[in-house]
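One structure is given here, and the rest of the page talks about it.
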Amino acid sequence: MSKKRPGGESLPSAPSTATGPSPDHEVPAATPAPDPKRWWALAVIALAQLMVILDGTVVNIALPSAQRALGMSDADRQWVITAYTLAFGGLLLLGGRIADLVGRKRTFVIGLAGFAAASALGGAAAGPGMLFAARALQGAFAAVLAPSALSLLATTFTDPKERARAFGVYGALAGGGSAVGLIVGGLLTEYLNWRWSLYVNVPIALAALLGAPAFLRDRSGRRSGHLDVPGALLGCGGLVALVYGFSEAEPRGWSSPSVLTPLVAGVVLLAAFVWWQSRAASPLLPLRIVRDRVRAGSLATMGLATIGMFGVFLFLTYYLQVVLGYPPVRTGLAFVPISAGIVIGATQIAARLLPRTAPRTLMSSGMVLAAVGMVLLSSLTVHTQYVTHVLPALLLLGLGMGLTFMPVYATATAGVPAQDAGVASAVLNTVQQMGASLGTVLLNTIATSATGRYLHSHVRGPDADGATLDQGMVHGFSVAYRCSAGVLLLAALVAGLTVWHRTPKHAGHDAPA
């Protein structure tokens, strides 16, 4: 039985405690014929996903050059990264609901065009302020683009085998795009200049824009209704406050009022957001989406996985460049094995096994493999050889990420009604973005604290020599990697305890729009 809201919307009855699929995972009575252009649609969606993921790391290697060229201070340079993550993480829920109300294909195109324009603006920046504004615009348009792309994928592929293959490609890009971004950033910075780390988005976006009208087919969602303005203000305000607080923790310290105030405000606003969503006639985030145990477990697995994984790119970049003395291009190329592992794990292993294997088996196995890779990285020293220590760890990490991310994407978006596909995709992207922000801050704080303790106990004079500084840095990285391994094992446990049934045979879908 269901009951009615004041606005006439049906509310689902209380979720069953049985281990079978929840009401959100019911199979529709009739399955529409597959779109003959669906594989071309996947190519367009994949281009957009690659662009958004690339932008998370491609600018990192170019940042020192941009800082020198634009005269940025050390205190202000972090805003090149923070402006993007604030807008992206804070506006994702709003972007997902707009996609459901306006149409996912339409918002996909708007997001692509806006992202390309913001990238061109950033590449042409004449000063720090212009670059910060462009990065914030990139994040805002990415918040519209990312949930539109994922929800289009979820409603385009409904056959279980094809769905597994499609999400294998998407999962490979989601996990490997960050590593590819480091490679591309190194090449562009060393052989062109830092501005091309932003300009590179323009041709990618144009290629996707050319294909979108021809190959993408939206499915009917909710084309009527009202945007939940109070929910948007509470939810987006809470997420922005949390991301800002996390970003300020590293330079200011966790006890700073500039950190504690936005973190507390974020928690209060998000609590108010949940309260309001249970009462709103047209909620920004229908709570039925996150009440499903399997979906909630998939979201928690994704959050923990991204918290544990983001230390790899941050610390290993410094290890290779500062300790081993790698130039930017060689540093980027050193991450190729993790990208290869992700592609193999997602497309050749997980995509083949998911139609006949429980998602929790793949997720838990992937996180255990990744944790083993982290343990190997924790044994690095200042004299470690790349081939004997770093390479095996990156391969294990890549395989583990590919095995995990692909079934997480497929399971978290399966069975969602078409009118909620955009916001469900936005929730998954939000969890991933928040996990990355939180993981970067927490692990960096752990690493710097461990380095400080090491130097305090090993330096006798007023100054430390270069070798001692390198040893202290590597010691800090090792401690952080051990903590990452623990988080990844926790993710394996969560997946094993919550994601108890197979991925549904069909995603939620409607008639074509």
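Chains: A, B, ... in order of the structure tokens. Residues: from 1 per chain. Ligands: from 1, in order shown.
Omitting segment 206-215 of chain A and its sequence neighbours fewer than 4 positions away, and counting only C-alpha atoms, the residues within 9 Å are A:Lys37, A:Arg38, A:Trp39, A:Trp40, A:Ala41, A:Leu42, A:Ala43, A:Val44, A:Ile45, A:Ala46, A:Leu47, A:Ala48, A:Lys105, A:Phe108, A:Val109, A:Leu112, A:Ala113, A:Ala116, A:Asn201, A:Val202.
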Can you pull out the residues contacting Met374 of chain A? Cut-off 9 Å, using only C-alpha atoms, and skip same-chain residues under 2 positions away; I want them as a PDB file with all heavy atoms, in the first residue's frame.
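Generated file (selection_11.pdb):
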```
ATOM      1  N   MET A 309      41.417   5.783  -1.987  1.00  0.00           N
ATOM      2  CA  MET A 309      42.201   5.716  -3.213  1.00  0.00           C
ATOM      3  C   MET A 309      42.910   7.025  -3.558  1.00  0.00           C
ATOM      4  O   MET A 309      43.929   7.008  -4.244  1.00  0.00           O
ATOM      5  CB  MET A 309      41.303   5.334  -4.401  1.00  0.00           C
ATOM      6  CG  MET A 309      40.703   3.950  -4.315  1.00  0.00           C
ATOM      7  SD  MET A 309      41.902   2.614  -4.151  1.00  0.00           S
ATOM      8  CE  MET A 309      42.897   2.858  -5.593  1.00  0.00           C
ATOM      9  N   VAL A 312      46.722   7.800  -3.444  1.00  0.00           N
ATOM     10  CA  VAL A 312      47.665   7.236  -4.413  1.00  0.00           C
ATOM     11  C   VAL A 312      48.206   8.336  -5.313  1.00  0.00           C
ATOM     12  O   VAL A 312      49.417   8.533  -5.451  1.00  0.00           O
ATOM     13  CB  VAL A 312      46.983   6.157  -5.267  1.00  0.00           C
ATOM     14  CG1 VAL A 312      47.924   5.654  -6.348  1.00  0.00           C
ATOM     15  CG2 VAL A 312      46.536   4.994  -4.389  1.00  0.00           C
ATOM     16  N   LEU A 369      41.969  -6.473  -3.109  1.00  0.00           N
ATOM     17  CA  LEU A 369      43.129  -6.340  -3.998  1.00  0.00           C
ATOM     18  C   LEU A 369      43.762  -4.959  -3.867  1.00  0.00           C
ATOM     19  O   LEU A 369      44.993  -4.826  -3.791  1.00  0.00           O
ATOM     20  CB  LEU A 369      42.706  -6.565  -5.447  1.00  0.00           C
ATOM     21  CG  LEU A 369      42.685  -7.983  -5.993  1.00  0.00           C
ATOM     22  CD1 LEU A 369      42.219  -7.979  -7.443  1.00  0.00           C
ATOM     23  CD2 LEU A 369      44.054  -8.636  -5.875  1.00  0.00           C
ATOM     24  N   ALA A 370      42.918  -3.930  -3.866  1.00  0.00           N
ATOM     25  CA  ALA A 370      43.440  -2.572  -3.739  1.00  0.00           C
ATOM     26  C   ALA A 370      44.140  -2.370  -2.403  1.00  0.00           C
ATOM     27  O   ALA A 370      45.169  -1.680  -2.323  1.00  0.00           O
ATOM     28  CB  ALA A 370      42.303  -1.559  -3.904  1.00  0.00           C
ATOM     29  N   ALA A 371      43.596  -2.956  -1.344  1.00  0.00           N
ATOM     30  CA  ALA A 371      44.228  -2.832  -0.027  1.00  0.00           C
ATOM     31  C   ALA A 371      45.609  -3.485  -0.020  1.00  0.00           C
ATOM     32  O   ALA A 371      46.558  -2.958   0.586  1.00  0.00           O
ATOM     33  CB  ALA A 371      43.340  -3.459   1.050  1.00  0.00           C
ATOM     34  N   VAL A 372      45.752  -4.621  -0.704  1.00  0.00           N
ATOM     35  CA  VAL A 372      47.068  -5.263  -0.812  1.00  0.00           C
ATOM     36  C   VAL A 372      48.045  -4.339  -1.536  1.00  0.00           C
ATOM     37  O   VAL A 372      49.216  -4.206  -1.153  1.00  0.00           O
ATOM     38  CB  VAL A 372      46.951  -6.621  -1.538  1.00  0.00           C
ATOM     39  CG1 VAL A 372      48.330  -7.212  -1.801  1.00  0.00           C
ATOM     40  CG2 VAL A 372      46.120  -7.598  -0.709  1.00  0.00           C
ATOM     41  N   LEU A 376      51.644  -2.689  -0.147  1.00  0.00           N
ATOM     42  CA  LEU A 376      52.923  -2.682  -0.863  1.00  0.00           C
ATOM     43  C   LEU A 376      53.499  -1.272  -0.948  1.00  0.00           C
ATOM     44  O   LEU A 376      54.706  -1.069  -0.761  1.00  0.00           O
ATOM     45  CB  LEU A 376      52.739  -3.249  -2.278  1.00  0.00           C
ATOM     46  CG  LEU A 376      52.479  -4.752  -2.401  1.00  0.00           C
ATOM     47  CD1 LEU A 376      52.279  -5.134  -3.859  1.00  0.00           C
ATOM     48  CD2 LEU A 376      53.631  -5.551  -1.801  1.00  0.00           C
ATOM     49  N   LEU A 377      52.655  -0.282  -1.213  1.00  0.00           N
ATOM     50  CA  LEU A 377      53.143   1.095  -1.279  1.00  0.00           C
ATOM     51  C   LEU A 377      53.641   1.585   0.078  1.00  0.00           C
ATOM     52  O   LEU A 377      54.534   2.438   0.153  1.00  0.00           O
ATOM     53  CB  LEU A 377      52.036   2.021  -1.785  1.00  0.00           C
ATOM     54  CG  LEU A 377      51.694   1.935  -3.272  1.00  0.00           C
ATOM     55  CD1 LEU A 377      50.554   2.898  -3.610  1.00  0.00           C
ATOM     56  CD2 LEU A 377      52.913   2.259  -4.136  1.00  0.00           C
ATOM     57  N   SER A 378      53.078   1.061   1.150  1.00  0.00           N
ATOM     58  CA  SER A 378      53.510   1.500   2.477  1.00  0.00           C
ATOM     59  C   SER A 378      54.934   1.058   2.808  1.00  0.00           C
ATOM     60  O   SER A 378      55.528   1.533   3.776  1.00  0.00           O
ATOM     61  CB  SER A 378      52.549   0.964   3.555  1.00  0.00           C
ATOM     62  OG  SER A 378      52.677  -0.437   3.708  1.00  0.00           O
ATOM     63  N   ALA A 393      52.335  -2.685  -7.168  1.00  0.00           N
ATOM     64  CA  ALA A 393      51.289  -2.056  -6.364  1.00  0.00           C
ATOM     65  C   ALA A 393      50.261  -1.353  -7.243  1.00  0.00           C
ATOM     66  O   ALA A 393      49.050  -1.452  -7.013  1.00  0.00           O
ATOM     67  CB  ALA A 393      51.920  -1.057  -5.387  1.00  0.00           C
ATOM     68  N   LEU A 394      50.724  -0.635  -8.276  1.00  0.00           N
ATOM     69  CA  LEU A 394      49.803   0.071  -9.160  1.00  0.00           C
ATOM     70  C   LEU A 394      48.920  -0.899  -9.943  1.00  0.00           C
ATOM     71  O   LEU A 394      47.732  -0.629 -10.176  1.00  0.00           O
ATOM     72  CB  LEU A 394      50.586   0.970 -10.119  1.00  0.00           C
ATOM     73  CG  LEU A 394      51.285   2.179  -9.499  1.00  0.00           C
ATOM     74  CD1 LEU A 394      51.966   3.011 -10.575  1.00  0.00           C
ATOM     75  CD2 LEU A 394      50.298   3.040  -8.723  1.00  0.00           C
ATOM     76  N   LEU A 396      47.898  -3.880  -8.934  1.00  0.00           N
ATOM     77  CA  LEU A 396      46.886  -4.384  -7.999  1.00  0.00           C
ATOM     78  C   LEU A 396      45.828  -3.326  -7.707  1.00  0.00           C
ATOM     79  O   LEU A 396      44.624  -3.627  -7.653  1.00  0.00           O
ATOM     80  CB  LEU A 396      47.559  -4.823  -6.698  1.00  0.00           C
ATOM     81  CG  LEU A 396      48.350  -6.130  -6.747  1.00  0.00           C
ATOM     82  CD1 LEU A 396      49.107  -6.341  -5.445  1.00  0.00           C
ATOM     83  CD2 LEU A 396      47.422  -7.315  -7.015  1.00  0.00           C
ATOM     84  N   LEU A 397      46.271  -2.088  -7.524  1.00  0.00           N
ATOM     85  CA  LEU A 397      45.320  -1.005  -7.274  1.00  0.00           C
ATOM     86  C   LEU A 397      44.387  -0.812  -8.464  1.00  0.00           C
ATOM     87  O   LEU A 397      43.180  -0.628  -8.298  1.00  0.00           O
ATOM     88  CB  LEU A 397      46.076   0.290  -6.988  1.00  0.00           C
ATOM     89  CG  LEU A 397      46.742   0.380  -5.610  1.00  0.00           C
ATOM     90  CD1 LEU A 397      47.746   1.526  -5.581  1.00  0.00           C
ATOM     91  CD2 LEU A 397      45.689   0.578  -4.527  1.00  0.00           C
ATOM     92  N   TYR A 481      49.441   5.488   3.623  1.00  0.00           N
ATOM     93  CA  TYR A 481      49.066   4.326   2.814  1.00  0.00           C
ATOM     94  C   TYR A 481      48.503   3.204   3.683  1.00  0.00           C
ATOM     95  O   TYR A 481      47.576   2.494   3.269  1.00  0.00           O
ATOM     96  CB  TYR A 481      50.272   3.816   2.020  1.00  0.00           C
ATOM     97  CG  TYR A 481      50.599   4.641   0.796  1.00  0.00           C
ATOM     98  CD1 TYR A 481      51.907   5.002   0.499  1.00  0.00           C
ATOM     99  CD2 TYR A 481      49.590   5.050  -0.077  1.00  0.00           C
ATOM    100  CE1 TYR A 481      52.208   5.754  -0.629  1.00  0.00           C
ATOM    101  CE2 TYR A 481      49.883   5.800  -1.208  1.00  0.00           C
ATOM    102  CZ  TYR A 481      51.193   6.149  -1.482  1.00  0.00           C
ATOM    103  OH  TYR A 481      51.486   6.894  -2.587  1.00  0.00           O
ATOM    104  N   ARG A 482      49.050   3.017   4.878  1.00  0.00           N
ATOM    105  CA  ARG A 482      48.498   1.998   5.771  1.00  0.00           C
ATOM    106  C   ARG A 482      47.079   2.361   6.195  1.00  0.00           C
ATOM    107  O   ARG A 482      46.204   1.483   6.297  1.00  0.00           O
ATOM    108  CB  ARG A 482      49.409   1.815   6.982  1.00  0.00           C
ATOM    109  CG  ARG A 482      50.711   1.085   6.662  1.00  0.00           C
ATOM    110  CD  ARG A 482      51.406   0.614   7.920  1.00  0.00           C
ATOM    111  NE  ARG A 482      51.966   1.719   8.694  1.00  0.00           N
ATOM    112  CZ  ARG A 482      53.177   2.218   8.536  1.00  0.00           C
ATOM    113  NH1 ARG A 482      53.978   1.724   7.608  1.00  0.00           N
ATOM    114  NH2 ARG A 482      53.608   3.212   9.285  1.00  0.00           N
ATOM    115  N   CYS A 483      46.844   3.635   6.451  1.00  0.00           N
ATOM    116  CA  CYS A 483      45.485   4.078   6.784  1.00  0.00           C
ATOM    117  C   CYS A 483      44.546   3.866   5.599  1.00  0.00           C
ATOM    118  O   CYS A 483      43.401   3.447   5.769  1.00  0.00           O
ATOM    119  CB  CYS A 483      45.499   5.547   7.193  1.00  0.00           C
ATOM    120  SG  CYS A 483      46.362   5.881   8.732  1.00  0.00           S
ATOM    121  N   SER A 484      45.034   4.145   4.383  1.00  0.00           N
ATOM    122  CA  SER A 484      44.228   3.909   3.181  1.00  0.00           C
ATOM    123  C   SER A 484      43.855   2.444   3.051  1.00  0.00           C
ATOM    124  O   SER A 484      42.717   2.098   2.698  1.00  0.00           O
ATOM    125  CB  SER A 484      44.996   4.361   1.933  1.00  0.00           C
ATOM    126  OG  SER A 484      45.178   5.752   1.914  1.00  0.00           O
ATOM    127  N   ALA A 485      44.809   1.561   3.329  1.00  0.00           N
ATOM    128  CA  ALA A 485      44.521   0.129   3.257  1.00  0.00           C
ATOM    129  C   ALA A 485      43.400  -0.244   4.217  1.00  0.00           C
ATOM    130  O   ALA A 485      42.513  -1.045   3.878  1.00  0.00           O
ATOM    131  CB  ALA A 485      45.786  -0.669   3.563  1.00  0.00           C
ATOM    132  N   LEU A 488      40.048   0.853   2.751  1.00  0.00           N
ATOM    133  CA  LEU A 488      39.633  -0.014   1.649  1.00  0.00           C
ATOM    134  C   LEU A 488      39.117  -1.361   2.159  1.00  0.00           C
ATOM    135  O   LEU A 488      38.165  -1.924   1.606  1.00  0.00           O
ATOM    136  CB  LEU A 488      40.797  -0.228   0.688  1.00  0.00           C
ATOM    137  CG  LEU A 488      41.295   1.044  -0.032  1.00  0.00           C
ATOM    138  CD1 LEU A 488      42.489   0.715  -0.915  1.00  0.00           C
ATOM    139  CD2 LEU A 488      40.188   1.677  -0.849  1.00  0.00           C
TER     140      LEU A 488
END
```
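The shortest atom-to-atom distance to Val479 of chain A, with only C-alpha atoms taken into account, belongs to A:Ala450 out of A:Ala450, A:Ile53, A:Ala340, A:Ala166.
You can rank A:Leu428, A:Leu260, A:Leu391, A:Val487 by their closest distance to Ile289 of chain A using only C-alpha atoms, and at the top of that list sits A:Leu428.
You will find atom CA of Gly297 of chain A at 28.9 Å from atom CA of Pro337 of chain A.
The spacing separating atom CA of Leu399 of chain A from atom CA of Val343 of chain A amounts to 7.9 Å.
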Note to self: Which residues are near Gly476 of chain A? Cut-off 12 Å, only C-alpha atoms, ignore same chain within fewer than 3 positions. Put them as a PyMOL selection string.
What the structure shows: chain A and resi 311+315-316+318-319+377-381+443-455+469-473+479-483
Notebook entry, point to check: Using only C-alpha atoms, which residue out of A:Ala249, A:Ile349, A:Leu86, A:Ala117 lies closest to Ala205 of chain A?
Noted result: A:Ala117
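Among the candidates A:Ala172, A:Val499, A:Met72, A:Leu333, the residue lying nearest to Ala351 of chain A is A:Ala172 (atoms considered: only C-alpha atoms).
Pairwise distance (atom CA of Leu263 of chain A, atom CA of Leu242 of chain A) equals 5.1 Å.
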Compile the contact shell of Ala154 of chain A as a PDB file with N, CA, C and O atoms, in the first residue's frame: residues with an atom at most 8 Å away, counting only C-alpha atoms, same-chain residues fewer than 2 positions apart removed.
```
ATOM      1  N   LEU A 150      25.514   9.967 -16.610  1.00  0.00           N
ATOM      2  CA  LEU A 150      25.317   8.668 -15.966  1.00  0.00           C
ATOM      3  C   LEU A 150      23.871   8.204 -16.071  1.00  0.00           C
ATOM      4  O   LEU A 150      23.606   7.017 -16.297  1.00  0.00           O
ATOM      5  N   SER A 151      22.921   9.116 -15.930  1.00  0.00           N
ATOM      6  CA  SER A 151      21.520   8.711 -16.024  1.00  0.00           C
ATOM      7  C   SER A 151      21.138   8.347 -17.453  1.00  0.00           C
ATOM      8  O   SER A 151      20.323   7.446 -17.675  1.00  0.00           O
ATOM      9  N   LEU A 152      21.715   9.029 -18.460  1.00  0.00           N
ATOM     10  CA  LEU A 152      21.491   8.622 -19.854  1.00  0.00           C
ATOM     11  C   LEU A 152      22.011   7.214 -20.091  1.00  0.00           C
ATOM     12  O   LEU A 152      21.376   6.403 -20.779  1.00  0.00           O
ATOM     13  N   THR A 156      19.690   4.001 -21.125  1.00  0.00           N
ATOM     14  CA  THR A 156      19.915   3.555 -22.501  1.00  0.00           C
ATOM     15  C   THR A 156      20.169   2.056 -22.572  1.00  0.00           C
ATOM     16  O   THR A 156      19.686   1.373 -23.478  1.00  0.00           O
ATOM     17  N   PHE A 157      20.913   1.519 -21.599  1.00  0.00           N
ATOM     18  CA  PHE A 157      21.278   0.093 -21.613  1.00  0.00           C
ATOM     19  C   PHE A 157      20.474  -0.652 -20.555  1.00  0.00           C
ATOM     20  O   PHE A 157      20.641  -0.417 -19.355  1.00  0.00           O
ATOM     21  N   THR A 158      19.569  -1.528 -21.001  1.00  0.00           N
ATOM     22  CA  THR A 158      18.709  -2.268 -20.087  1.00  0.00           C
ATOM     23  C   THR A 158      18.955  -3.776 -20.116  1.00  0.00           C
ATOM     24  O   THR A 158      18.638  -4.472 -19.165  1.00  0.00           O
ATOM     25  N   ARG A 163      24.382  -3.928 -20.494  1.00  0.00           N
ATOM     26  CA  ARG A 163      24.517  -2.965 -19.396  1.00  0.00           C
ATOM     27  C   ARG A 163      25.861  -3.156 -18.687  1.00  0.00           C
ATOM     28  O   ARG A 163      26.545  -2.191 -18.345  1.00  0.00           O
ATOM     29  N   ALA A 410      26.852   0.257 -11.746  1.00  0.00           N
ATOM     30  CA  ALA A 410      25.724  -0.494 -12.283  1.00  0.00           C
ATOM     31  C   ALA A 410      24.658  -0.745 -11.223  1.00  0.00           C
ATOM     32  O   ALA A 410      23.457  -0.615 -11.483  1.00  0.00           O
ATOM     33  N   THR A 413      22.665   2.538  -9.742  1.00  0.00           N
ATOM     34  CA  THR A 413      21.723   3.189 -10.650  1.00  0.00           C
ATOM     35  C   THR A 413      20.659   2.237 -11.184  1.00  0.00           C
ATOM     36  O   THR A 413      19.767   2.663 -11.913  1.00  0.00           O
ATOM     37  N   ALA A 414      20.723   0.970 -10.836  1.00  0.00           N
ATOM     38  CA  ALA A 414      19.770  -0.007 -11.354  1.00  0.00           C
ATOM     39  C   ALA A 414      18.440   0.099 -10.631  1.00  0.00           C
ATOM     40  O   ALA A 414      18.375   0.342  -9.430  1.00  0.00           O
ATOM     41  N   ALA A 421      16.170   9.174 -12.336  1.00  0.00           N
ATOM     42  CA  ALA A 421      17.485   8.696 -12.764  1.00  0.00           C
ATOM     43  C   ALA A 421      18.552   9.770 -12.617  1.00  0.00           C
ATOM     44  O   ALA A 421      19.689   9.490 -12.232  1.00  0.00           O
ATOM     45  N   ALA A 507      17.189  -1.890 -15.800  1.00  0.00           N
ATOM     46  CA  ALA A 507      17.128  -0.615 -15.114  1.00  0.00           C
ATOM     47  C   ALA A 507      15.727  -0.083 -15.220  1.00  0.00           C
ATOM     48  O   ALA A 507      14.914  -0.504 -16.018  1.00  0.00           O
TER      49      ALA A 507
END
```
Next item on the list: Might you pull out every residue within 12 Å of Ala232 of chain A, with only C-alpha atoms counted and same-chain residues fewer than 5 positions away left off, and present them as a list in words?
Entry: Gly90, Leu91, Leu92, Leu93, Leu94, Gly95, Gly96, Arg97, Ile98, His226, Leu227, Gly237, Gly238, Leu239, Val240, Leu269, Leu270, Ala272, Phe273, Val274, Trp276, Gln277, Ala280, Ser282, Pro283, Leu284 and Leu285 of chain A
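The shell of residues at most 9 Å from Leu362 of chain A, with only C-alpha atoms counted and near chain neighbours (fewer than 2 positions) removed, consists of Ala350, Leu353, Leu354, Thr357, Ala358, Pro359, Arg360, Ser364, Ser365, Gly366, Met367, Gly400, Leu403, Thr404 and Pro407 of chain A.
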Would you save the residues of that selection, restricted to C-alpha atoms, as a compact mmCIF listing (two decimals), in the first residue's frame?
```txt
# COMPACT_ATOMS: atom_id res chain seq x y z
CA ALA A 350 33.90 -7.24 -13.94
CA LEU A 353 31.29 -11.61 -14.46
CA LEU A 354 28.59 -9.18 -13.29
CA THR A 357 28.05 -12.94 -10.20
CA ALA A 358 26.79 -11.12 -7.12
CA PRO A 359 28.00 -7.49 -7.16
CA ARG A 360 29.22 -7.76 -3.57
CA SER A 364 34.72 -6.89 -1.93
CA SER A 365 37.33 -8.71 -3.99
CA GLY A 366 38.33 -5.47 -5.69
CA MET A 367 38.74 -3.61 -2.43
CA GLY A 400 40.91 -3.54 -7.59
CA LEU A 403 36.53 -4.61 -10.17
CA THR A 404 34.85 -2.27 -7.67
CA PRO A 407 29.55 -2.94 -10.28
```
Next item on the list: Please report, as a PyMOL selection string, each residue of segment 239-363 of chain A to which DSSP assigns alpha helix (DSSP H) when run on this structure's backbone.
Entry: chain A and resi 239-252+257-277+288-291+293-318+328-334+336-343+351-353+359-363
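For the residues A:Ala467, A:Ala99, A:Leu187, A:Ile81, ranking by smallest atom-to-atom distance to Gln138 of chain A using only C-alpha atoms places A:Ile81 first.
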Notebook entry, point to check: Using only C-alpha atoms, which residues sit within 7 Å of segment 303-307 of chain A once same-chain residues fewer than 2 positions away are excluded, as a VMD selection string?
Noted result: chain A and resid 299 to 301 309 to 310 431 to 432 435 to 436 438 to 439 487 to 488 491
Quick one: write out the picked residues with all heavy atoms as a short mmCIF file (atom, residue, chain, number, x, y, z; two decimals), in the first residue's frame?
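Final output, result.cif:
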```cif
data_model
loop_
_atom_site.label_atom_id
_atom_site.label_comp_id
_atom_site.auth_asym_id
_atom_site.auth_seq_id
_atom_site.Cartn_x
_atom_site.Cartn_y
_atom_site.Cartn_z
N LEU A 299 26.55 3.03 -2.42
CA LEU A 299 27.00 4.40 -2.22
C LEU A 299 28.08 4.47 -1.14
O LEU A 299 29.09 5.18 -1.28
CB LEU A 299 25.82 5.30 -1.84
CG LEU A 299 24.76 5.52 -2.93
CD1 LEU A 299 23.56 6.24 -2.35
CD2 LEU A 299 25.33 6.29 -4.09
N ALA A 300 27.88 3.73 -0.04
CA ALA A 300 28.87 3.73 1.04
C ALA A 300 30.19 3.13 0.56
O ALA A 300 31.27 3.61 0.90
CB ALA A 300 28.33 2.95 2.24
N THR A 301 30.10 2.07 -0.24
CA THR A 301 31.32 1.46 -0.79
C THR A 301 32.07 2.45 -1.66
O THR A 301 33.30 2.58 -1.57
CB THR A 301 30.96 0.21 -1.61
OG1 THR A 301 30.27 -0.73 -0.76
CG2 THR A 301 32.21 -0.45 -2.18
N MET A 309 41.42 5.78 -1.99
CA MET A 309 42.20 5.72 -3.21
C MET A 309 42.91 7.02 -3.56
O MET A 309 43.93 7.01 -4.24
CB MET A 309 41.30 5.33 -4.40
CG MET A 309 40.70 3.95 -4.32
SD MET A 309 41.90 2.61 -4.15
CE MET A 309 42.90 2.86 -5.59
N PHE A 310 42.37 8.17 -3.12
CA PHE A 310 42.91 9.42 -3.63
C PHE A 310 44.30 9.74 -3.10
O PHE A 310 45.00 10.58 -3.67
CB PHE A 310 41.94 10.57 -3.37
CG PHE A 310 41.14 10.94 -4.58
CD1 PHE A 310 40.15 10.09 -5.05
CD2 PHE A 310 41.41 12.08 -5.29
CE1 PHE A 310 39.43 10.39 -6.18
CE2 PHE A 310 40.70 12.39 -6.43
CZ PHE A 310 39.70 11.55 -6.88
N VAL A 431 28.66 11.46 -3.74
CA VAL A 431 29.40 10.61 -2.80
C VAL A 431 30.85 10.46 -3.25
O VAL A 431 31.79 10.52 -2.44
CB VAL A 431 28.71 9.23 -2.68
CG1 VAL A 431 29.60 8.25 -1.95
CG2 VAL A 431 27.38 9.37 -1.96
N GLN A 432 31.05 10.27 -4.55
CA GLN A 432 32.41 10.12 -5.08
C GLN A 432 33.21 11.41 -4.88
O GLN A 432 34.37 11.38 -4.46
CB GLN A 432 32.35 9.76 -6.56
CG GLN A 432 33.70 9.44 -7.17
CD GLN A 432 33.58 8.98 -8.61
OE1 GLN A 432 32.52 9.09 -9.22
NE2 GLN A 432 34.66 8.47 -9.16
N GLY A 435 33.92 11.97 -1.17
CA GLY A 435 34.94 11.03 -0.72
C GLY A 435 36.33 11.46 -1.16
O GLY A 435 37.30 11.36 -0.39
N ALA A 436 36.43 11.96 -2.39
CA ALA A 436 37.73 12.43 -2.88
C ALA A 436 38.22 13.62 -2.08
O ALA A 436 39.40 13.70 -1.69
CB ALA A 436 37.63 12.79 -4.36
N LEU A 438 37.30 14.56 1.02
CA LEU A 438 37.59 14.16 2.40
C LEU A 438 38.86 13.32 2.46
O LEU A 438 39.71 13.51 3.34
CB LEU A 438 36.41 13.37 2.96
CG LEU A 438 36.57 12.82 4.39
CD1 LEU A 438 36.81 13.96 5.37
CD2 LEU A 438 35.34 12.03 4.80
N GLY A 439 39.02 12.38 1.51
CA GLY A 439 40.21 11.53 1.51
C GLY A 439 41.48 12.31 1.31
O GLY A 439 42.49 12.06 2.00
N VAL A 487 40.94 1.71 5.26
CA VAL A 487 39.68 2.23 4.73
C VAL A 487 39.16 1.33 3.61
O VAL A 487 37.96 1.06 3.51
CB VAL A 487 39.86 3.68 4.23
CG1 VAL A 487 38.60 4.18 3.53
CG2 VAL A 487 40.21 4.61 5.39
N LEU A 488 40.05 0.85 2.75
CA LEU A 488 39.63 -0.01 1.65
C LEU A 488 39.12 -1.36 2.16
O LEU A 488 38.16 -1.92 1.61
CB LEU A 488 40.80 -0.23 0.69
CG LEU A 488 41.30 1.04 -0.03
CD1 LEU A 488 42.49 0.72 -0.92
CD2 LEU A 488 40.19 1.68 -0.85
N ALA A 491 35.68 -0.78 3.24
CA ALA A 491 34.79 -0.75 2.08
C ALA A 491 34.43 -2.17 1.63
O ALA A 491 33.28 -2.44 1.27
CB ALA A 491 35.45 0.01 0.93
#
```
Item checked: Selected residue of minimal separation from Ala241 of chain A among A:Gly89, A:Ala126, A:Leu63, A:Leu54, counting only C-alpha atoms -> A:Gly89
